[in-house]
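Peer 1: Got a structure for you, upload-v5.pdb, holding PDB, C-alpha atoms.
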```pdb
ATOM      1  CA  MET M   1     -13.957  46.634  12.915
ATOM      2  CA  THR M   2     -14.101  47.960  16.498
ATOM      3  CA  ASN M   3     -17.514  46.437  17.100
ATOM      4  CA  LEU M   4     -16.232  42.909  16.594
ATOM      5  CA  ASN M   5     -14.737  42.957  20.099
ATOM      6  CA  ARG M   6     -17.883  44.140  21.856
ATOM      7  CA  ASN M   7     -20.350  41.911  23.712
ATOM      8  CA  ILE M   8     -23.041  40.962  21.208
ATOM      9  CA  VAL M   9     -26.396  39.402  22.087
ATOM     10  CA  ALA M  10     -28.601  38.120  19.269
ATOM     11  CA  LEU M  11     -32.217  37.022  19.694
ATOM     12  CA  ALA M  12     -33.130  34.361  17.165
ATOM     13  CA  GLY M  13     -35.493  31.628  16.085
ATOM     14  CA  GLY M  14     -36.329  29.915  12.813
ATOM     15  CA  VAL M  15     -34.363  29.744   9.582
ATOM     16  CA  GLY M  16     -33.958  33.509   8.984
ATOM     17  CA  GLY M  17     -32.780  34.099  12.524
ATOM     18  CA  ALA M  18     -30.348  31.206  12.316
ATOM     19  CA  LYS M  19     -28.813  32.622   9.123
ATOM     20  CA  LEU M  20     -27.930  35.970  10.663
ATOM     21  CA  ALA M  21     -26.784  34.226  13.851
ATOM     22  CA  HIS M  22     -24.396  32.257  11.646
ATOM     23  CA  GLY M  23     -23.233  35.466   9.994
ATOM     24  CA  LEU M  24     -22.424  36.925  13.410
ATOM     25  CA  TYR M  25     -20.671  33.694  14.382
ATOM     26  CA  GLN M  26     -18.398  34.088  11.369
ATOM     27  CA  VAL M  27     -17.255  37.621  12.259
ATOM     28  CA  VAL M  28     -17.507  38.000  16.059
ATOM     29  CA  PRO M  29     -15.027  36.345  18.454
ATOM     30  CA  PRO M  30     -17.021  33.431  19.932
ATOM     31  CA  GLU M  31     -16.432  34.525  23.524
ATOM     32  CA  LYS M  32     -18.131  37.847  22.670
ATOM     33  CA  LEU M  33     -21.266  36.344  21.083
ATOM     34  CA  THR M  34     -24.363  35.045  22.859
ATOM     35  CA  ILE M  35     -27.389  33.794  20.926
ATOM     36  CA  ILE M  36     -30.636  33.610  22.901
ATOM     37  CA  VAL M  37     -33.091  31.296  21.163
ATOM     38  CA  ASN M  38     -36.873  31.032  21.254
ATOM     39  CA  THR M  39     -38.119  27.885  23.006
ATOM     40  CA  GLY M  40     -41.846  28.634  22.756
ATOM     41  CA  ASP M  41     -42.090  26.044  19.966
ATOM     42  CA  ASP M  42     -40.645  23.255  22.149
ATOM     43  CA  PHE M  43     -42.890  20.235  22.572
ATOM     44  CA  GLU M  44     -42.874  16.550  23.395
ATOM     45  CA  HIS M  45     -43.384  14.073  20.561
ATOM     46  CA  VAL M  46     -43.222  10.252  20.722
ATOM     47  CA  GLY M  47     -41.784  10.650  24.220
ATOM     48  CA  LEU M  48     -38.943  12.951  23.167
ATOM     49  CA  SER M  49     -38.194  16.545  24.153
ATOM     50  CA  ILE M  50     -37.912  18.467  20.881
ATOM     51  CA  SER M  51     -36.632  22.049  20.526
ATOM     52  CA  PRO M  52     -37.011  22.993  16.843
ATOM     53  CA  ASP M  53     -35.669  26.563  16.958
ATOM     54  CA  LEU M  54     -32.695  25.603  19.113
ATOM     55  CA  ASP M  55     -31.891  22.731  16.774
ATOM     56  CA  THR M  56     -32.126  24.957  13.688
ATOM     57  CA  VAL M  57     -29.708  27.454  15.239
ATOM     58  CA  MET M  58     -27.320  24.712  16.410
ATOM     59  CA  TYR M  59     -27.262  22.867  13.092
ATOM     60  CA  THR M  60     -26.750  26.139  11.203
ATOM     61  CA  LEU M  61     -23.844  27.254  13.387
ATOM     62  CA  ALA M  62     -22.282  23.793  13.137
ATOM     63  CA  GLY M  63     -22.549  23.777   9.332
ATOM     64  CA  LEU M  64     -24.926  20.803   9.411
ATOM     65  CA  ALA M  65     -28.223  22.385   8.354
ATOM     66  CA  ASN M  66     -30.030  21.114   5.286
ATOM     67  CA  PRO M  67     -29.423  23.854   2.660
ATOM     68  CA  GLN M  68     -32.701  23.086   0.868
ATOM     69  CA  THR M  69     -34.998  23.460   3.894
ATOM     70  CA  GLY M  70     -32.863  25.470   6.330
ATOM     71  CA  TRP M  71     -33.936  23.084   9.101
ATOM     72  CA  GLY M  72     -32.936  19.515   9.853
ATOM     73  CA  VAL M  73     -29.613  17.901   9.034
ATOM     74  CA  ARG M  74     -27.885  17.811   5.661
ATOM     75  CA  GLY M  75     -27.774  14.354   4.033
ATOM     76  CA  GLU M  76     -30.489  13.046   6.321
ATOM     77  CA  SER M  77     -32.091   9.590   6.109
ATOM     78  CA  TRP M  78     -35.614   8.680   7.220
ATOM     79  CA  HIS M  79     -35.639   4.992   8.215
ATOM     80  CA  MET M  80     -37.039   5.680  11.682
ATOM     81  CA  MET M  81     -39.993   7.639  10.263
ATOM     82  CA  ALA M  82     -40.730   4.834   7.813
ATOM     83  CA  ALA M  83     -40.722   2.371  10.708
ATOM     84  CA  LEU M  84     -43.089   4.590  12.723
ATOM     85  CA  ALA M  85     -45.453   4.718   9.742
ATOM     86  CA  ARG M  86     -45.318   0.918   9.508
ATOM     87  CA  TYR M  87     -46.527   0.777  13.114
ATOM     88  CA  GLY M  88     -49.344   3.179  12.251
ATOM     89  CA  GLU M  89     -47.961   6.001  14.374
ATOM     90  CA  PRO M  90     -48.299   9.695  13.392
ATOM     91  CA  THR M  91     -45.575  10.971  11.084
ATOM     92  CA  TRP M  92     -46.681  14.581  10.570
ATOM     93  CA  PHE M  93     -43.622  15.833  12.460
ATOM     94  CA  GLN M  94     -40.584  14.617  10.570
ATOM     95  CA  MET M  95     -37.493  13.564  12.524
ATOM     96  CA  GLY M  96     -34.532  12.352  10.496
ATOM     97  CA  ASP M  97     -32.269   9.573  11.736
ATOM     98  CA  ARG M  98     -29.383  11.952  12.507
ATOM     99  CA  ASP M  99     -31.685  14.571  13.999
ATOM    100  CA  LEU M 100     -33.100  11.869  16.268
ATOM    101  CA  ALA M 101     -29.785  11.582  18.129
ATOM    102  CA  THR M 102     -30.145  15.205  19.291
ATOM    103  CA  HIS M 103     -33.659  14.584  20.620
ATOM    104  CA  ILE M 104     -32.637  11.394  22.414
ATOM    105  CA  LEU M 105     -29.683  13.003  24.193
ATOM    106  CA  ARG M 106     -31.637  16.142  25.141
ATOM    107  CA  THR M 107     -34.461  14.007  26.554
ATOM    108  CA  GLN M 108     -32.082  11.775  28.496
ATOM    109  CA  TRP M 109     -30.134  14.644  30.055
ATOM    110  CA  LEU M 110     -33.253  16.638  30.955
ATOM    111  CA  ARG M 111     -34.763  13.565  32.647
ATOM    112  CA  GLU M 112     -31.544  13.192  34.615
ATOM    113  CA  GLY M 113     -32.203  16.676  36.011
ATOM    114  CA  GLN M 114     -29.658  18.665  34.030
ATOM    115  CA  PRO M 115     -30.632  22.354  33.544
ATOM    116  CA  TYR M 116     -31.832  23.211  30.049
ATOM    117  CA  GLN M 117     -28.987  25.651  29.389
ATOM    118  CA  VAL M 118     -26.418  23.058  30.519
ATOM    119  CA  VAL M 119     -27.953  20.460  28.175
ATOM    120  CA  THR M 120     -27.886  22.959  25.306
ATOM    121  CA  ALA M 121     -24.289  23.935  26.052
ATOM    122  CA  GLU M 122     -23.196  20.290  26.000
ATOM    123  CA  LEU M 123     -24.957  19.614  22.691
ATOM    124  CA  CYS M 124     -23.266  22.698  21.228
ATOM    125  CA  ARG M 125     -19.862  21.662  22.581
ATOM    126  CA  ARG M 126     -20.150  18.243  20.973
ATOM    127  CA  LEU M 127     -21.120  19.901  17.679
ATOM    128  CA  GLY M 128     -18.042  22.116  17.848
ATOM    129  CA  ILE M 129     -19.966  25.374  18.429
ATOM    130  CA  GLN M 130     -17.824  27.818  20.391
ATOM    131  CA  CYS M 131     -20.166  30.729  21.127
ATOM    132  CA  ALA M 132     -22.891  30.656  23.790
ATOM    133  CA  VAL M 133     -26.271  29.390  22.598
ATOM    134  CA  LEU M 134     -28.903  29.746  25.321
ATOM    135  CA  PRO M 135     -32.570  28.763  25.570
ATOM    136  CA  MET M 136     -34.638  31.818  26.487
ATOM    137  CA  SER M 137     -35.998  30.220  29.650
ATOM    138  CA  GLU M 138     -35.262  27.355  31.990
ATOM    139  CA  SER M 139     -38.972  26.717  32.538
ATOM    140  CA  PRO M 140     -41.390  25.695  29.783
ATOM    141  CA  VAL M 141     -43.137  28.326  27.674
ATOM    142  CA  ARG M 142     -45.557  27.031  25.067
ATOM    143  CA  THR M 143     -46.814  29.025  22.092
ATOM    144  CA  MET M 144     -50.532  28.509  21.531
ATOM    145  CA  VAL M 145     -52.153  29.750  18.332
ATOM    146  CA  GLN M 146     -55.769  30.864  18.576
ATOM    147  CA  THR M 147     -57.426  30.138  15.244
ATOM    148  CA  ALA M 148     -60.842  30.189  13.644
ATOM    149  CA  GLU M 149     -60.859  26.413  14.224
ATOM    150  CA  GLY M 150     -59.944  26.640  17.916
ATOM    151  CA  GLU M 151     -56.698  26.920  19.832
ATOM    152  CA  LEU M 152     -53.785  24.832  18.572
ATOM    153  CA  PRO M 153     -50.363  24.053  20.048
ATOM    154  CA  PHE M 154     -47.786  25.740  17.853
ATOM    155  CA  GLN M 155     -46.386  22.625  16.146
ATOM    156  CA  GLU M 156     -49.875  21.405  15.257
ATOM    157  CA  TYR M 157     -50.631  24.783  13.657
ATOM    158  CA  PHE M 158     -47.237  25.158  11.997
ATOM    159  CA  VAL M 159     -46.410  21.621  10.864
ATOM    160  CA  GLN M 160     -49.522  19.450  11.025
ATOM    161  CA  GLN M 161     -51.942  22.119   9.737
ATOM    162  CA  ARG M 162     -49.274  23.828   7.555
ATOM    163  CA  CYS M 163     -50.269  27.282   8.896
ATOM    164  CA  GLN M 164     -53.607  27.086   7.073
ATOM    165  CA  PRO M 165     -56.056  28.037   9.869
ATOM    166  CA  VAL M 166     -56.785  31.752  10.191
ATOM    167  CA  VAL M 167     -54.956  33.201  13.197
ATOM    168  CA  LYS M 168     -57.028  35.201  15.694
ATOM    169  CA  GLY M 169     -54.412  35.577  18.410
ATOM    170  CA  ILE M 170     -51.332  34.047  20.012
ATOM    171  CA  ARG M 171     -50.582  33.411  23.664
ATOM    172  CA  PHE M 172     -47.555  32.064  25.494
ATOM    173  CA  VAL M 173     -48.496  29.638  28.237
ATOM    174  CA  GLY M 174     -46.120  29.757  31.179
ATOM    175  CA  ALA M 175     -44.368  32.949  30.083
ATOM    176  CA  GLU M 176     -45.532  35.088  33.006
ATOM    177  CA  SER M 177     -43.848  32.808  35.544
ATOM    178  CA  ALA M 178     -40.916  31.708  33.359
ATOM    179  CA  LYS M 179     -37.391  32.304  34.614
ATOM    180  CA  PRO M 180     -34.397  32.866  32.338
ATOM    181  CA  SER M 181     -31.137  31.226  33.332
ATOM    182  CA  ARG M 182     -28.402  33.262  34.980
ATOM    183  CA  PRO M 183     -26.242  33.197  31.794
ATOM    184  CA  VAL M 184     -29.136  34.739  29.821
ATOM    185  CA  VAL M 185     -29.596  37.529  32.359
ATOM    186  CA  THR M 186     -25.848  38.168  32.537
ATOM    187  CA  ALA M 187     -25.504  38.271  28.752
ATOM    188  CA  ILE M 188     -28.228  40.905  28.370
ATOM    189  CA  ARG M 189     -26.913  42.997  31.256
ATOM    190  CA  HIS M 190     -23.441  43.068  29.714
ATOM    191  CA  ALA M 191     -24.571  43.409  26.097
ATOM    192  CA  GLU M 192     -23.021  46.281  24.160
ATOM    193  CA  ILE M 193     -25.152  45.551  21.076
ATOM    194  CA  ILE M 194     -28.471  43.669  20.998
ATOM    195  CA  ILE M 195     -29.569  42.332  17.624
ATOM    196  CA  PHE M 196     -33.044  41.089  16.735
ATOM    197  CA  CYS M 197     -32.406  38.607  13.933
ATOM    198  CA  PRO M 198     -34.886  38.442  11.010
ATOM    199  CA  SER M 199     -37.081  35.903  12.757
ATOM    200  CA  ASN M 200     -40.880  35.773  12.760
ATOM    201  CA  PRO M 201     -41.764  38.583  15.206
ATOM    202  CA  TRP M 202     -44.975  36.941  16.430
ATOM    203  CA  LEU M 203     -43.736  33.347  16.670
ATOM    204  CA  SER M 204     -39.999  33.607  17.425
ATOM    205  CA  ILE M 205     -39.319  37.032  18.971
ATOM    206  CA  ASP M 206     -42.557  37.562  20.926
ATOM    207  CA  PRO M 207     -42.113  34.371  23.001
ATOM    208  CA  ILE M 208     -38.724  35.678  24.184
ATOM    209  CA  LEU M 209     -40.153  39.095  25.013
ATOM    210  CA  ALA M 210     -43.132  37.467  26.764
ATOM    211  CA  VAL M 211     -40.798  36.384  29.597
ATOM    212  CA  PRO M 212     -41.121  39.479  31.835
ATOM    213  CA  PRO M 213     -37.528  39.628  33.172
ATOM    214  CA  LEU M 214     -36.161  39.448  29.614
ATOM    215  CA  ARG M 215     -38.354  42.215  28.267
ATOM    216  CA  ARG M 216     -37.519  44.446  31.247
ATOM    217  CA  LEU M 217     -33.783  43.878  30.824
ATOM    218  CA  ILE M 218     -33.890  44.555  27.079
ATOM    219  CA  VAL M 219     -36.012  47.697  27.424
ATOM    220  CA  ALA M 220     -33.700  49.014  30.165
ATOM    221  CA  SER M 221     -30.503  48.245  28.260
ATOM    222  CA  GLN M 222     -28.546  51.256  27.020
ATOM    223  CA  ALA M 223     -27.040  49.166  24.209
ATOM    224  CA  PRO M 224     -28.060  49.838  20.594
ATOM    225  CA  LYS M 225     -31.025  47.527  19.898
ATOM    226  CA  ILE M 226     -31.075  46.799  16.201
ATOM    227  CA  GLY M 227     -33.690  44.719  14.396
ATOM    228  CA  VAL M 228     -33.409  43.246  10.914
ATOM    229  CA  SER M 229     -36.746  43.130   9.118
ATOM    230  CA  PRO M 230     -38.044  39.666   8.191
ATOM    231  CA  ILE M 231     -40.388  41.293   5.652
ATOM    232  CA  VAL M 232     -38.975  42.280   2.258
ATOM    233  CA  GLY M 233     -41.103  43.733  -0.508
ATOM    234  CA  GLY M 234     -44.348  42.839   1.267
ATOM    235  CA  GLN M 235     -43.365  39.190   1.655
ATOM    236  CA  ALA M 236     -41.847  37.055   4.391
ATOM    237  CA  ILE M 237     -38.529  35.591   3.284
ATOM    238  CA  LYS M 238     -39.604  32.273   4.790
ATOM    239  CA  GLY M 239     -42.538  31.097   6.877
ATOM    240  CA  PRO M 240     -45.995  32.475   7.674
ATOM    241  CA  ALA M 241     -45.087  35.929   9.063
ATOM    242  CA  ALA M 242     -46.877  37.885   6.308
ATOM    243  CA  LYS M 243     -49.983  35.682   6.526
ATOM    244  CA  ILE M 244     -50.176  36.087  10.300
ATOM    245  CA  MET M 245     -49.645  39.850  10.077
ATOM    246  CA  ALA M 246     -52.523  40.165   7.612
ATOM    247  CA  GLU M 247     -54.826  38.038   9.765
ATOM    248  CA  LEU M 248     -53.988  40.067  12.885
ATOM    249  CA  GLY M 249     -54.535  43.363  11.079
ATOM    250  CA  ALA M 250     -50.901  44.514  10.938
ATOM    251  CA  GLU M 251     -49.378  46.302   7.960
ATOM    252  CA  ILE M 252     -47.287  43.802   5.961
ATOM    253  CA  SER M 253     -44.145  45.895   5.741
ATOM    254  CA  PRO M 254     -40.979  46.643   7.710
ATOM    255  CA  VAL M 255     -42.992  49.444   9.353
ATOM    256  CA  GLY M 256     -45.651  46.985  10.518
ATOM    257  CA  VAL M 257     -43.024  44.827  12.212
ATOM    258  CA  ALA M 258     -41.201  47.857  13.652
ATOM    259  CA  ARG M 259     -44.420  49.150  15.206
ATOM    260  CA  HIS M 260     -44.960  45.755  16.813
ATOM    261  CA  LEU M 261     -41.458  45.780  18.369
ATOM    262  CA  ARG M 262     -41.137  49.533  18.851
ATOM    263  CA  ASP M 263     -40.513  49.536  22.635
ATOM    264  CA  VAL M 264     -37.456  47.265  22.334
ATOM    265  CA  LEU M 265     -35.803  48.862  19.273
ATOM    266  CA  THR M 266     -33.538  51.820  18.644
ATOM    267  CA  ALA M 267     -32.764  51.053  14.997
ATOM    268  CA  TRP M 268     -34.119  48.989  12.110
ATOM    269  CA  VAL M 269     -32.416  47.390   9.114
ATOM    270  CA  ILE M 270     -34.439  47.103   5.908
ATOM    271  CA  ASP M 271     -33.836  45.822   2.405
ATOM    272  CA  TYR M 272     -33.255  48.020  -0.657
ATOM    273  CA  ALA M 273     -36.707  46.911  -1.830
ATOM    274  CA  ASP M 274     -38.238  48.789   1.131
ATOM    275  CA  GLU M 275     -36.179  51.985   0.996
ATOM    276  CA  SER M 276     -39.358  54.031   0.599
ATOM    277  CA  TYR M 277     -40.306  53.205   4.205
ATOM    278  CA  GLN M 278     -37.374  55.132   5.683
ATOM    279  CA  ALA M 279     -39.401  58.254   6.463
ATOM    280  CA  ASP M 280     -42.105  56.239   8.266
ATOM    281  CA  LEU M 281     -39.457  54.487  10.343
ATOM    282  CA  THR M 282     -37.834  57.809  11.206
ATOM    283  CA  GLN M 283     -41.222  59.032  12.450
ATOM    284  CA  LEU M 284     -41.223  56.051  14.819
ATOM    285  CA  GLY M 285     -37.934  57.363  16.208
ATOM    286  CA  LEU M 286     -35.824  54.635  14.643
ATOM    287  CA  ARG M 287     -32.524  55.026  12.857
ATOM    288  CA  THR M 288     -32.436  53.010   9.658
ATOM    289  CA  LEU M 289     -29.929  51.110   7.581
ATOM    290  CA  VAL M 290     -30.861  50.185   4.013
ATOM    291  CA  THR M 291     -28.949  47.240   2.586
ATOM    292  CA  GLN M 292     -29.416  43.815   1.052
ATOM    293  CA  THR M 293     -30.984  41.699   3.794
ATOM    294  CA  ILE M 294     -31.609  38.485   1.838
ATOM    295  CA  MET M 295     -28.820  36.019   2.659
ATOM    296  CA  LYS M 296     -28.313  33.387  -0.033
ATOM    297  CA  ASN M 297     -24.982  31.994   1.167
ATOM    298  CA  ASP M 298     -22.464  32.097   4.000
ATOM    299  CA  GLU M 299     -20.656  35.105   2.540
ATOM    300  CA  GLU M 300     -23.856  37.157   2.451
ATOM    301  CA  ARG M 301     -24.625  36.191   6.046
ATOM    302  CA  ALA M 302     -21.203  37.448   7.151
ATOM    303  CA  ARG M 303     -21.534  40.611   5.033
ATOM    304  CA  LEU M 304     -24.896  41.497   6.601
ATOM    305  CA  ALA M 305     -23.552  40.784  10.085
ATOM    306  CA  ARG M 306     -20.615  43.139   9.504
ATOM    307  CA  GLU M 307     -22.924  45.866   8.181
ATOM    308  CA  VAL M 308     -25.247  45.587  11.177
ATOM    309  CA  LEU M 309     -22.322  45.773  13.597
ATOM    310  CA  GLU M 310     -20.805  48.736  11.780
ATOM    311  CA  PHE M 311     -24.230  50.438  11.820
ATOM    312  CA  ALA M 312     -24.384  49.933  15.601
ATOM    313  CA  LYS M 313     -21.241  52.030  15.985
TER     314      LYS M 313
END
```
Have the structure of the file written as structure tokens, please.

Peer 2:
Amino acid sequence: MTNLNRNIVALAGGVGGAKLAHGLYQVVPPEKLTIIVNTGDDFEHVGLSISPDLDTVMYTLAGLANPQTGWGVRGESWHMMAALARYGEPTWFQMGDRDLATHILRTQWLREGQPYQVVTAELCRRLGIQCAVLPMSESPVRTMVQTAEGELPFQEYFVQQRCQPVVKGIRFVGAESAKPSRPVVTAIRHAEIIIFCPSNPWLSIDPILAVPPLRRLIVASQAPKIGVSPIVGGQAIKGPAAKIMAELGAEISPVGVARHLRDVLTAWVIDYADESYQADLTQLGLRTLVTQTIMKNDEERARLAREVLEFAK
């Protein structure tokens, strides 16, 4: 239980990352927990500033997330989308009526000149979230997916094209010059445990690490840096991680992901289904924890969070 009073930083994005972030939120004092979220999938749609990974994390922490999809708001209605369709406007990116309020407020406050992390903090405060949730960067970073059909902005690849094009590469426009906010830098510098949530390594973790000051700070940190594998039994729990790994020539296993993130890890958490990979992970210089990593409910999220924190000790 000692670890629960240490400064914890979690890097997250997507549904899997949001689940473990919620597990940590259940067991760590909120003033000790900082969640740094991927914003490489941010984009503008019908004039609104939309931050899908941030919204997924916020809705999950606030207990509002749709349990069927993991994203969006529970009990959503879709009148606005039906009206857009009536006008003949594109509806490939679905925004529910309740979700729309988040996009409207974020857009309004950003246009008024409020810093991104201040806008995010205010949205979280109004949702009753007590821990720090921070966008990875104050300046825009945009994930671009290079495919056999040409380069696509992330949301067009992920949502409009349903991840069908073959991926040849991924780049993060704006990352080289992007600046993290002071709270992000401070959180990493003071972190006593850094946790890589089971997010897509190429689409949710890589954009964070593509911001040079963040990667340098994480690599230099003396804190335990523990990743939780998003691959279980040769499959991604959710999303296109396994497909992308295959198309980029990576081994579809916890070892394949660990190799990709090797320079920022000291330990790796894998599922019982992948226990046979322990020796390979040890050869990479990583300590390993074998446990149940699939989180089907709030209790399992909290249980995994506790196990990861105990492992860090």

Peer 1: Care to translate the PyMOL selection byres ((chain M and resi 212-223) around 6) into actual residues of this file, as a VMD selection string?

Peer 2: chain M and resid 192 to 193 209 to 211 224 264

Peer 1: Enumerate, as a list in words, the residues matched when the PyMOL selection byres ((chain M and resi 146) around 6) is run on the file above.

Peer 2: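 With the PyMOL selection byres ((chain M and resi 146) around 6) on this model, the match is Val145, Thr147, Gly150, Glu151, Val167, Lys168, Gly169 and Ile170 of chain M.
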
Peer 1: Tell me which residues the PyMOL selection byres ((chain M and resi 274) around 10) grabs here, as a PyMOL selection string.

Peer 2: chain M and resi 229+231-234+253-255+269-273+275-278+290-291

Peer 1: Using only C-alpha atoms, determine which residues lie at most 8 Å from Leu24 of chain M, disregarding the query and same-chain residues fewer than 4 positions distant; provide the list as a PyMOL selection string.

Peer 2: chain M and resi 20+28+33+301-302+305-306

Peer 1: Find the residues around Val228 of chain M up to 6 Å (only C-alpha atoms counted), leave out those fewer than 4 positions away in its own chain, and share them as a PyMOL selection string.

Peer 2: chain M and resi 197-198+268-269

Peer 1: What separation in Å, quoted to one decimal, exists between atom CA of Thr120 of chain M and atom CA of Ile36 of chain M?

Peer 2: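 Those two atoms sit 11.3 Å apart.
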
Peer 1: Quick one: residues within 7 Å of segment 46-60 of chain M, all atoms listed in the file counted, chain neighbours fewer than 3 positions away excluded, as a list in words?

Peer 2: Gly13, Gly14, Val15, Ala18, His22, Val37, Asn38, Thr39, Asp41, Asp42, Phe43, Gly63, Leu64, Ala65, Trp71, Gly72, Val73, His103, Ile104, Arg106, Thr107 and Cys124 of chain M

Peer 1: Nearest to Asp99 of chain M among M:Arg74, M:Tyr87, M:Phe158, M:Ile205, with distances taken over all atoms listed in the file: which residue is it?

Peer 2: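 Closest candidate: M:Arg74.
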
Peer 1: Identify which of the residues M:Gln161, M:Gln155, M:Gln108, M:Thr34 lies closest to Pro135 of chain M, counting only C-alpha atoms when measuring atom-to-atom distances.

Peer 2: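 Counting only C-alpha atoms, the residue closest to Pro135 of chain M is M:Thr34.
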
Peer 1: Between atom CA of Ala279 of chain M and atom CA of Ile252 of chain M, what is the distance, to one decimal in Å?

Peer 2: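 Those two atoms sit 16.5 Å apart.
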
Peer 1: For atom CA of Pro90 of chain M and atom CA of Thr69 of chain M, determine how far apart the two atoms are, in Å to one decimal place.

Peer 2: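 Atom CA of Thr69 of chain M lies at a distance of 21.4 Å from atom CA of Pro90 of chain M.
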
Peer 1: For each of M:Leu284, M:Ala12, M:Leu123, M:Ala62, take the minimum atom-to-atom distance to Ala101 of chain M, counting all atoms listed in the file, then give the residue where this is smallest.

Peer 2: M:Leu123

Peer 1: What are the centre and edge lengths in Å, to one decimal, of the axis-aligned box around all listed atoms of segment 165-176 of chain M with 3 Å added on each side, as AutoDock Vina command-line options?

Peer 2:
```
--center_x -50.7 --center_y 31.8 --center_z 21.4 --size_x 18.7 --size_y 13.5 --size_z 29.1
```
